[in-house]
Structure formats: structure tokens, C-alpha cells
Amino acid sequence: DDAAALGSMLAARVPELLAHAGKTIVVKYGGHAMTDEGLSQSFYSDVVLLRSLGIDIVIVHGGGPQISAMLKDLNVDSKFVDGRRVTDERTMEVVEMVLGGLVNNKVVNAISRAGGKAVGLTGHAGGGLIGATQMEHWVVDESG
């Protein structure tokens, strides 16, 4: 039975997990992973389980597919250079709306539904807690 196998596996791992009690673990939760409902439910359950064992979890979430979908819905052209989204001012507004609003709230609410407690932060709301530096990126066409 799957439940018994899972219980047995977890029981064997508890001592190893308890060694991390009182520590903070940072987890990247990618936008593509969020599109798989089964994987998402498992992720949120695991976060709640780890917290119940005394491990503090910081989730850094993505949202690439969600951003792309919203840009498409709003008829905003989006382009990528070397696999990175080029963000003009309008694109950045949409990125902030999707990541800081839609995705962040979805993650917080899903953790709550899984039995945990969560607070969502953004770079703006964090009072300087989170920051980034704009990257320079040069594109040279074939003419040099």
C-alpha cells in the first residue's frame, strides 16, 4: 500500500531531517513546477512537513510560464535573448503583477490550505530586504 510505504520511508528519514531543525533552507520553486497540480500539492505538503520538524523554509518562486501567459493575454510582446526575458517598462509591470501578486498569493494560500503558515514578500514590500542589480546585456548582430 502506498501510504504504508510513504510512512515507512518518512520514518526512516526523520532523524536526518531533525538534524536540520532550527536551520533555514532556501527552496527555489520554479514556475514550470507550479503548472503540475500533483507536484504542487506534494511540494506544499513537504513544506508544511519540514516546518513541523522545526525547519524554517524560505521559498523563492519563479513564474516564467505565468508571466508569458499574462503577457499574451494583455497582448504585450515579449522577447528572449540567450534564454533571458528582455524586460522593458511595460513587461516589468506585468512581471511584478504576476510574481508579486498572482503567484505569490497562490503560494501563500496553498501553504495555508496544506496546513501551514506563510507570508509573501516582494522586493518592494521587503523594505530593501530583497534587491537586485540590473544586468548589462549586449547583443551584437552579424555585421559586428
# chains A, B, ... in the order shown; residues from 1 in each chain; ligands from 1
>>> select_by_dssp(residues="region 26-144 of chain A", states="alpha helix (DSSP H)", output="short mmCIF file (atom, residue, chain, number, x, y, z; two decimals) with all heavy atoms, in the first residue's frame")
data_model
loop_
_atom_site.label_atom_id
_atom_site.label_comp_id
_atom_site.auth_asym_id
_atom_site.auth_seq_id
_atom_site.Cartn_x
_atom_site.Cartn_y
_atom_site.Cartn_z
N GLY A 31 8.45 28.12 -11.87
CA GLY A 31 7.15 28.33 -12.49
C GLY A 31 6.63 27.12 -13.24
O GLY A 31 5.44 26.84 -13.25
N HIS A 32 7.54 26.36 -13.87
CA HIS A 32 7.10 25.16 -14.58
C HIS A 32 6.61 24.10 -13.61
O HIS A 32 5.63 23.40 -13.89
CB HIS A 32 8.22 24.61 -15.47
CG HIS A 32 8.47 25.45 -16.68
ND1 HIS A 32 7.67 25.41 -17.79
CD2 HIS A 32 9.42 26.39 -16.94
CE1 HIS A 32 8.12 26.28 -18.68
NE2 HIS A 32 9.17 26.88 -18.19
N ALA A 33 7.25 23.98 -12.45
CA ALA A 33 6.80 23.02 -11.44
C ALA A 33 5.40 23.37 -10.95
O ALA A 33 4.60 22.48 -10.63
CB ALA A 33 7.78 22.97 -10.27
N MET A 34 5.09 24.66 -10.90
CA MET A 34 3.77 25.10 -10.43
C MET A 34 2.65 24.68 -11.36
O MET A 34 1.49 24.67 -10.95
CB MET A 34 3.75 26.62 -10.29
CG MET A 34 4.61 27.15 -9.21
SD MET A 34 4.50 28.96 -9.22
CE MET A 34 6.05 29.35 -8.48
N GLU A 37 -0.22 20.07 -11.08
CA GLU A 37 -1.03 20.11 -9.85
C GLU A 37 -0.57 19.07 -8.82
O GLU A 37 -0.48 19.36 -7.63
CB GLU A 37 -2.51 19.92 -10.18
CG GLU A 37 -3.42 20.22 -9.02
CD GLU A 37 -3.32 21.65 -8.51
OE1 GLU A 37 -3.10 22.57 -9.33
OE2 GLU A 37 -3.46 21.86 -7.29
N GLY A 38 -0.26 17.86 -9.27
CA GLY A 38 0.19 16.83 -8.34
C GLY A 38 1.51 17.18 -7.68
O GLY A 38 1.69 17.02 -6.47
N LEU A 39 2.43 17.69 -8.49
CA LEU A 39 3.73 18.11 -7.96
C LEU A 39 3.56 19.29 -6.99
O LEU A 39 4.20 19.33 -5.94
CB LEU A 39 4.65 18.51 -9.12
CG LEU A 39 6.07 18.92 -8.78
CD1 LEU A 39 6.81 17.82 -8.04
CD2 LEU A 39 6.82 19.30 -10.05
N SER A 40 2.67 20.21 -7.33
CA SER A 40 2.43 21.36 -6.46
C SER A 40 1.90 20.92 -5.10
O SER A 40 2.38 21.38 -4.06
CB SER A 40 1.43 22.33 -7.10
OG SER A 40 1.99 22.94 -8.23
N GLN A 41 0.91 20.03 -5.09
CA GLN A 41 0.36 19.56 -3.82
C GLN A 41 1.42 18.87 -2.98
O GLN A 41 1.49 19.06 -1.76
CB GLN A 41 -0.84 18.64 -4.07
CG GLN A 41 -2.03 19.33 -4.70
CD GLN A 41 -2.47 20.56 -3.92
OE1 GLN A 41 -2.56 20.55 -2.70
NE2 GLN A 41 -2.72 21.65 -4.64
N SER A 42 2.25 18.08 -3.62
CA SER A 42 3.33 17.39 -2.92
C SER A 42 4.32 18.40 -2.34
O SER A 42 4.77 18.27 -1.20
CB SER A 42 4.03 16.44 -3.88
OG SER A 42 5.11 15.79 -3.25
N PHE A 43 4.65 19.43 -3.14
CA PHE A 43 5.57 20.46 -2.69
C PHE A 43 5.05 21.16 -1.43
O PHE A 43 5.76 21.29 -0.44
CB PHE A 43 5.79 21.49 -3.81
CG PHE A 43 6.61 22.68 -3.38
CD1 PHE A 43 8.00 22.59 -3.32
CD2 PHE A 43 6.01 23.88 -3.05
CE1 PHE A 43 8.76 23.68 -2.92
CE2 PHE A 43 6.77 24.97 -2.64
CZ PHE A 43 8.14 24.87 -2.58
N TYR A 44 3.79 21.59 -1.47
CA TYR A 44 3.22 22.31 -0.32
C TYR A 44 3.15 21.41 0.91
O TYR A 44 3.45 21.85 2.02
CB TYR A 44 1.85 22.88 -0.66
CG TYR A 44 1.90 23.88 -1.78
CD1 TYR A 44 1.12 23.74 -2.92
CD2 TYR A 44 2.74 24.98 -1.72
CE1 TYR A 44 1.17 24.66 -3.95
CE2 TYR A 44 2.81 25.91 -2.75
CZ TYR A 44 2.02 25.74 -3.86
OH TYR A 44 2.08 26.66 -4.88
N SER A 45 2.80 20.15 0.74
CA SER A 45 2.76 19.22 1.86
C SER A 45 4.15 19.03 2.45
O SER A 45 4.31 18.97 3.67
CB SER A 45 2.20 17.86 1.41
OG SER A 45 0.87 17.99 1.02
N ASP A 46 5.16 18.93 1.59
CA ASP A 46 6.53 18.77 2.06
C ASP A 46 7.00 20.00 2.84
O ASP A 46 7.68 19.87 3.86
CB ASP A 46 7.48 18.51 0.89
CG ASP A 46 7.31 17.14 0.27
OD1 ASP A 46 6.61 16.29 0.86
OD2 ASP A 46 7.86 16.91 -0.82
N VAL A 47 6.63 21.19 2.37
CA VAL A 47 7.00 22.43 3.07
C VAL A 47 6.39 22.42 4.48
O VAL A 47 7.08 22.72 5.47
CB VAL A 47 6.54 23.67 2.28
CG1 VAL A 47 6.61 24.93 3.13
CG2 VAL A 47 7.38 23.83 1.01
N VAL A 48 5.12 22.05 4.58
CA VAL A 48 4.46 22.01 5.88
C VAL A 48 5.09 20.95 6.78
O VAL A 48 5.32 21.19 7.97
CB VAL A 48 2.93 21.77 5.70
CG1 VAL A 48 2.26 21.53 7.04
CG2 VAL A 48 2.30 22.95 4.98
N LEU A 49 5.43 19.80 6.22
CA LEU A 49 6.08 18.74 6.99
C LEU A 49 7.43 19.22 7.52
O LEU A 49 7.74 19.05 8.71
CB LEU A 49 6.28 17.49 6.13
CG LEU A 49 7.13 16.38 6.76
CD1 LEU A 49 6.42 15.79 7.98
CD2 LEU A 49 7.45 15.31 5.74
N LEU A 50 8.25 19.81 6.66
CA LEU A 50 9.57 20.29 7.10
C LEU A 50 9.44 21.33 8.21
O LEU A 50 10.19 21.32 9.18
CB LEU A 50 10.35 20.85 5.92
CG LEU A 50 10.79 19.81 4.89
CD1 LEU A 50 11.38 20.49 3.66
CD2 LEU A 50 11.80 18.84 5.49
N ARG A 51 8.47 22.22 8.07
CA ARG A 51 8.26 23.25 9.10
C ARG A 51 7.84 22.61 10.41
O ARG A 51 8.26 23.03 11.49
CB ARG A 51 7.22 24.26 8.61
CG ARG A 51 6.98 25.39 9.57
CD ARG A 51 8.25 26.24 9.77
NE ARG A 51 8.16 26.96 11.03
CZ ARG A 51 8.98 26.81 12.06
NH1 ARG A 51 10.02 26.01 11.97
NH2 ARG A 51 8.80 27.48 13.16
N SER A 52 7.01 21.56 10.34
CA SER A 52 6.56 20.87 11.56
C SER A 52 7.72 20.18 12.27
O SER A 52 7.64 19.92 13.47
CB SER A 52 5.46 19.86 11.24
OG SER A 52 5.99 18.74 10.59
N GLY A 64 7.83 32.01 -14.77
CA GLY A 64 8.01 32.27 -16.20
C GLY A 64 6.80 31.93 -17.05
O GLY A 64 6.34 32.78 -17.83
N PRO A 65 6.24 30.72 -16.92
CA PRO A 65 5.06 30.40 -17.73
C PRO A 65 3.86 31.29 -17.42
O PRO A 65 3.10 31.66 -18.31
CB PRO A 65 4.76 28.94 -17.38
CG PRO A 65 6.04 28.39 -16.86
CD PRO A 65 6.72 29.56 -16.18
N GLN A 66 3.71 31.65 -16.16
CA GLN A 66 2.61 32.51 -15.75
C GLN A 66 2.79 33.92 -16.31
O GLN A 66 1.82 34.56 -16.74
CB GLN A 66 2.50 32.52 -14.22
CG GLN A 66 2.16 31.17 -13.62
CD GLN A 66 3.35 30.23 -13.43
OE1 GLN A 66 4.47 30.48 -13.87
NE2 GLN A 66 3.11 29.10 -12.78
N ILE A 67 4.03 34.41 -16.32
CA ILE A 67 4.32 35.72 -16.90
C ILE A 67 4.03 35.70 -18.40
O ILE A 67 3.36 36.60 -18.93
CB ILE A 67 5.78 36.13 -16.64
CG1 ILE A 67 6.02 36.36 -15.15
CG2 ILE A 67 6.16 37.36 -17.45
CD1 ILE A 67 7.49 36.43 -14.76
N SER A 68 4.52 34.67 -19.07
CA SER A 68 4.30 34.57 -20.52
C SER A 68 2.82 34.54 -20.85
O SER A 68 2.38 35.18 -21.82
CB SER A 68 5.00 33.32 -21.07
OG SER A 68 6.40 33.46 -20.96
N ALA A 69 2.04 33.79 -20.08
CA ALA A 69 0.60 33.71 -20.32
C ALA A 69 -0.07 35.07 -20.14
O ALA A 69 -0.92 35.47 -20.95
CB ALA A 69 -0.03 32.67 -19.40
N MET A 70 0.31 35.79 -19.10
CA MET A 70 -0.29 37.10 -18.85
C MET A 70 0.11 38.10 -19.93
O MET A 70 -0.71 38.90 -20.39
CB MET A 70 0.10 37.63 -17.47
CG MET A 70 -0.55 38.96 -17.12
SD MET A 70 -2.36 38.89 -17.00
CE MET A 70 -2.56 38.00 -15.46
N LEU A 71 1.38 38.08 -20.34
CA LEU A 71 1.81 38.96 -21.42
C LEU A 71 1.01 38.69 -22.69
O LEU A 71 0.58 39.62 -23.38
CB LEU A 71 3.31 38.80 -21.68
CG LEU A 71 4.24 39.35 -20.61
CD1 LEU A 71 5.67 38.87 -20.85
CD2 LEU A 71 4.19 40.87 -20.57
N LYS A 72 0.78 37.42 -22.97
CA LYS A 72 -0.01 37.05 -24.14
C LYS A 72 -1.44 37.56 -24.00
O LYS A 72 -2.00 38.13 -24.93
CB LYS A 72 0.02 35.54 -24.34
CG LYS A 72 -0.73 35.07 -25.57
CD LYS A 72 -0.63 33.57 -25.74
CE LYS A 72 -1.45 33.15 -26.96
NZ LYS A 72 -1.49 31.71 -27.09
N ASP A 73 -2.04 37.34 -22.82
CA ASP A 73 -3.42 37.79 -22.57
C ASP A 73 -3.55 39.31 -22.74
O ASP A 73 -4.59 39.80 -23.18
CB ASP A 73 -3.88 37.41 -21.16
CG ASP A 73 -4.13 35.91 -21.00
OD1 ASP A 73 -4.16 35.19 -22.02
OD2 ASP A 73 -4.30 35.48 -19.84
N GLU A 89 9.78 48.53 -19.79
CA GLU A 89 8.99 49.03 -18.67
C GLU A 89 7.62 48.35 -18.56
O GLU A 89 7.20 47.95 -17.48
CB GLU A 89 8.81 50.55 -18.79
CG GLU A 89 8.21 51.18 -17.55
CD GLU A 89 8.23 52.69 -17.60
OE1 GLU A 89 9.17 53.27 -18.19
OE2 GLU A 89 7.29 53.29 -17.05
N ARG A 90 6.93 48.20 -19.68
CA ARG A 90 5.60 47.57 -19.66
C ARG A 90 5.70 46.10 -19.25
O ARG A 90 4.90 45.61 -18.45
CB ARG A 90 4.92 47.70 -21.04
CG ARG A 90 3.57 47.02 -21.11
CD ARG A 90 2.55 47.69 -20.17
NE ARG A 90 1.27 47.01 -20.27
CZ ARG A 90 0.55 46.64 -19.23
NH1 ARG A 90 0.95 46.92 -18.01
NH2 ARG A 90 -0.60 46.03 -19.39
N THR A 91 6.69 45.40 -19.77
CA THR A 91 6.88 43.99 -19.41
C THR A 91 7.18 43.88 -17.91
O THR A 91 6.66 42.99 -17.24
CB THR A 91 8.02 43.36 -20.24
OG1 THR A 91 7.70 43.48 -21.63
CG2 THR A 91 8.22 41.90 -19.88
N MET A 92 7.98 44.79 -17.39
CA MET A 92 8.32 44.75 -15.96
C MET A 92 7.08 44.96 -15.10
O MET A 92 6.95 44.33 -14.04
CB MET A 92 9.39 45.80 -15.64
CG MET A 92 10.01 45.60 -14.30
SD MET A 92 10.85 44.00 -14.27
CE MET A 92 11.16 43.81 -12.56
N GLU A 93 6.17 45.81 -15.52
CA GLU A 93 4.92 46.00 -14.78
C GLU A 93 4.15 44.68 -14.69
O GLU A 93 3.61 44.33 -13.64
CB GLU A 93 4.06 47.06 -15.46
CG GLU A 93 4.59 48.47 -15.32
CD GLU A 93 3.79 49.47 -16.17
OE1 GLU A 93 2.88 49.06 -16.91
OE2 GLU A 93 4.10 50.67 -16.06
N VAL A 94 4.10 43.97 -15.81
CA VAL A 94 3.39 42.69 -15.83
C VAL A 94 4.12 41.66 -14.97
O VAL A 94 3.50 40.91 -14.21
CB VAL A 94 3.20 42.19 -17.28
CG1 VAL A 94 2.58 40.79 -17.30
CG2 VAL A 94 2.34 43.17 -18.08
N VAL A 95 5.45 41.61 -15.07
CA VAL A 95 6.25 40.69 -14.25
C VAL A 95 5.98 40.92 -12.77
O VAL A 95 5.72 39.97 -12.01
CB VAL A 95 7.76 40.84 -14.57
CG1 VAL A 95 8.60 40.10 -13.54
CG2 VAL A 95 8.07 40.34 -15.97
N GLU A 96 6.00 42.17 -12.34
CA GLU A 96 5.75 42.48 -10.93
C GLU A 96 4.34 42.10 -10.52
O GLU A 96 4.12 41.58 -9.42
CB GLU A 96 6.00 43.96 -10.66
CG GLU A 96 7.46 44.33 -10.73
CD GLU A 96 7.72 45.82 -10.56
OE1 GLU A 96 6.75 46.62 -10.56
OE2 GLU A 96 8.89 46.19 -10.42
N MET A 97 3.37 42.34 -11.40
CA MET A 97 1.98 41.99 -11.10
C MET A 97 1.84 40.48 -10.94
O MET A 97 1.21 40.00 -10.00
CB MET A 97 1.06 42.49 -12.22
CG MET A 97 -0.39 42.10 -12.04
SD MET A 97 -1.45 42.70 -13.36
CE MET A 97 -0.88 41.72 -14.75
N ASN A 104 2.68 34.90 -5.94
CA ASN A 104 3.00 35.00 -4.51
C ASN A 104 1.77 34.63 -3.67
O ASN A 104 1.86 33.83 -2.73
CB ASN A 104 3.48 36.42 -4.19
CG ASN A 104 4.34 36.49 -2.96
OD1 ASN A 104 4.48 35.54 -2.20
ND2 ASN A 104 4.93 37.64 -2.75
N ASN A 105 0.61 35.19 -4.02
CA ASN A 105 -0.61 34.89 -3.27
C ASN A 105 -1.01 33.43 -3.41
O ASN A 105 -1.46 32.81 -2.45
CB ASN A 105 -1.76 35.79 -3.74
CG ASN A 105 -1.58 37.22 -3.26
OD1 ASN A 105 -0.96 37.47 -2.24
ND2 ASN A 105 -2.13 38.15 -4.02
N LYS A 106 -0.83 32.87 -4.59
CA LYS A 106 -1.16 31.46 -4.80
C LYS A 106 -0.30 30.56 -3.91
O LYS A 106 -0.80 29.62 -3.30
CB LYS A 106 -0.98 31.08 -6.27
CG LYS A 106 -1.36 29.66 -6.57
CD LYS A 106 -1.24 29.33 -8.04
CE LYS A 106 -1.65 27.88 -8.29
NZ LYS A 106 -1.61 27.53 -9.70
N VAL A 107 0.99 30.85 -3.83
CA VAL A 107 1.90 30.05 -3.00
C VAL A 107 1.51 30.16 -1.52
O VAL A 107 1.40 29.15 -0.82
CB VAL A 107 3.37 30.47 -3.23
CG1 VAL A 107 4.29 29.82 -2.21
CG2 VAL A 107 3.80 30.13 -4.64
N VAL A 108 1.28 31.38 -1.04
CA VAL A 108 0.91 31.59 0.36
C VAL A 108 -0.40 30.88 0.68
O VAL A 108 -0.51 30.18 1.70
CB VAL A 108 0.83 33.10 0.68
CG1 VAL A 108 0.18 33.34 2.04
CG2 VAL A 108 2.21 33.74 0.64
N ASN A 109 -1.40 31.03 -0.17
CA ASN A 109 -2.70 30.40 0.07
C ASN A 109 -2.61 28.88 0.02
O ASN A 109 -3.25 28.19 0.81
CB ASN A 109 -3.73 30.91 -0.94
CG ASN A 109 -4.10 32.35 -0.70
OD1 ASN A 109 -4.02 32.85 0.42
ND2 ASN A 109 -4.48 33.05 -1.75
N ALA A 110 -1.81 28.34 -0.89
CA ALA A 110 -1.68 26.88 -0.99
C ALA A 110 -1.00 26.30 0.25
O ALA A 110 -1.38 25.23 0.72
CB ALA A 110 -0.91 26.51 -2.25
N ILE A 111 -0.01 27.00 0.78
CA ILE A 111 0.63 26.54 2.01
C ILE A 111 -0.36 26.56 3.16
O ILE A 111 -0.43 25.63 3.97
CB ILE A 111 1.90 27.37 2.32
CG1 ILE A 111 2.98 27.07 1.30
CG2 ILE A 111 2.39 27.11 3.74
CD1 ILE A 111 4.17 27.99 1.35
N SER A 112 -1.17 27.60 3.21
CA SER A 112 -2.21 27.69 4.24
C SER A 112 -3.20 26.54 4.12
O SER A 112 -3.55 25.90 5.12
CB SER A 112 -2.93 29.03 4.12
OG SER A 112 -3.93 29.14 5.10
N ARG A 113 -3.64 26.24 2.90
CA ARG A 113 -4.58 25.12 2.69
C ARG A 113 -3.95 23.77 3.06
O ARG A 113 -4.65 22.85 3.47
CB ARG A 113 -5.06 25.08 1.24
CG ARG A 113 -6.14 26.11 0.92
CD ARG A 113 -6.79 25.85 -0.43
NE ARG A 113 -5.85 25.73 -1.52
CZ ARG A 113 -5.33 26.76 -2.20
NH1 ARG A 113 -5.66 27.99 -1.88
NH2 ARG A 113 -4.48 26.56 -3.18
#
>>> residues_around(residues="Asp56 (chain A)", least_positions_apart="2", cutoff="8 Å", atoms="only C-alpha atoms", output="JSON, numbers by chain")
{"A": [21, 22, 23, 24, 25, 50, 51, 54, 58]}
>>> write_last_selection(atoms="all heavy atoms", output="tab-separated table (two decimals), in the first residue's frame")
chain	number	residue	atom	x	y	z
A	21	ALA	N	16.72	20.85	12.14
A	21	ALA	CA	15.81	21.66	12.95
A	21	ALA	C	16.53	22.91	13.42
A	21	ALA	O	17.70	22.88	13.79
A	21	ALA	CB	15.30	20.85	14.14
A	22	GLY	N	15.82	24.04	13.33
A	22	GLY	CA	16.40	25.31	13.73
A	22	GLY	C	17.19	25.99	12.63
A	22	GLY	O	17.68	27.10	12.81
A	23	LYS	N	17.35	25.33	11.50
A	23	LYS	CA	18.07	25.90	10.38
A	23	LYS	C	17.08	26.42	9.34
A	23	LYS	O	15.91	26.06	9.34
A	23	LYS	CB	19.00	24.87	9.74
A	23	LYS	CG	20.10	24.40	10.68
A	23	LYS	CD	20.98	23.39	10.03
A	23	LYS	CE	22.03	22.90	11.03
A	23	LYS	NZ	22.80	21.80	10.48
A	24	THR	N	17.57	27.26	8.45
A	24	THR	CA	16.75	27.79	7.37
A	24	THR	C	17.22	27.19	6.06
A	24	THR	O	18.41	27.18	5.76
A	24	THR	CB	16.88	29.33	7.30
A	24	THR	OG1	16.45	29.88	8.56
A	24	THR	CG2	16.04	29.91	6.18
A	25	ILE	N	16.27	26.70	5.30
A	25	ILE	CA	16.55	26.14	3.99
A	25	ILE	C	15.85	27.00	2.95
A	25	ILE	O	14.67	27.34	3.09
A	25	ILE	CB	16.05	24.68	3.90
A	25	ILE	CG1	16.81	23.80	4.88
A	25	ILE	CG2	16.18	24.15	2.48
A	25	ILE	CD1	16.32	22.38	4.95
A	50	LEU	N	8.25	19.81	6.66
A	50	LEU	CA	9.57	20.29	7.10
A	50	LEU	C	9.44	21.33	8.21
A	50	LEU	O	10.19	21.32	9.18
A	50	LEU	CB	10.35	20.85	5.92
A	50	LEU	CG	10.79	19.81	4.89
A	50	LEU	CD1	11.38	20.49	3.66
A	50	LEU	CD2	11.80	18.84	5.49
A	51	ARG	N	8.47	22.22	8.07
A	51	ARG	CA	8.26	23.25	9.10
A	51	ARG	C	7.84	22.61	10.41
A	51	ARG	O	8.26	23.03	11.49
A	51	ARG	CB	7.22	24.26	8.61
A	51	ARG	CG	6.98	25.39	9.57
A	51	ARG	CD	8.25	26.24	9.77
A	51	ARG	NE	8.16	26.96	11.03
A	51	ARG	CZ	8.98	26.81	12.06
A	51	ARG	NH1	10.02	26.01	11.97
A	51	ARG	NH2	8.80	27.48	13.16
A	54	GLY	N	10.57	21.67	12.56
A	54	GLY	CA	11.40	22.75	13.08
A	54	GLY	C	12.35	23.37	12.07
A	54	GLY	O	13.25	24.12	12.43
A	58	VAL	N	12.38	29.09	3.33
A	58	VAL	CA	12.22	30.30	2.52
A	58	VAL	C	12.04	29.81	1.09
A	58	VAL	O	12.89	29.10	0.56
A	58	VAL	CB	13.45	31.23	2.61
A	58	VAL	CG1	13.32	32.40	1.64
A	58	VAL	CG2	13.64	31.73	4.04
>>> closest_residue(among="A:Asp82, A:Gly63, A:Ala4, A:Asn75", to="Leu102 (chain A)", atoms="only C-alpha atoms")
A:Gly63
>>> atom_distance(atom1="CA of His61 (chain A)", atom2="CA of Val26 (chain A)")
10.4 Å
>>> residues_around(residues="region 10-19 of chain A", least_positions_apart="3", cutoff="7 Å", atoms="only C-alpha atoms", output="PDB file with N, CA, C and O atoms, in the first residue's frame")
ATOM      1  N   LEU A   6       5.069   5.106   2.088  1.00  0.00           N
ATOM      2  CA  LEU A   6       5.451   6.501   2.333  1.00  0.00           C
ATOM      3  C   LEU A   6       5.754   6.717   3.811  1.00  0.00           C
ATOM      4  O   LEU A   6       6.753   7.342   4.166  1.00  0.00           O
ATOM      5  N   GLY A   7       4.896   6.188   4.679  1.00  0.00           N
ATOM      6  CA  GLY A   7       5.109   6.320   6.119  1.00  0.00           C
ATOM      7  C   GLY A   7       6.418   5.697   6.560  1.00  0.00           C
ATOM      8  O   GLY A   7       7.161   6.265   7.364  1.00  0.00           O
ATOM      9  N   LEU A  53       8.810  19.928  11.535  1.00  0.00           N
ATOM     10  CA  LEU A  53      10.006  19.331  12.133  1.00  0.00           C
ATOM     11  C   LEU A  53      10.995  20.394  12.620  1.00  0.00           C
ATOM     12  O   LEU A  53      12.104  20.083  13.015  1.00  0.00           O
TER      13      LEU A  53
END
>>> residues_around(residues="Tyr29 (chain A)", least_positions_apart="5", cutoff="7 Å", atoms="only C-alpha atoms", output="number ranges by chain")
A: 59-62
>>> select_by_dssp(residues="region 56-87 of chain A", states="strand (DSSP E or B)", output="list in words")
Asp56, Ile57, Val58, Ile59, Val60, His61, Lys79, Phe80, Val81, Arg84, Arg85 and Val86 of chain A
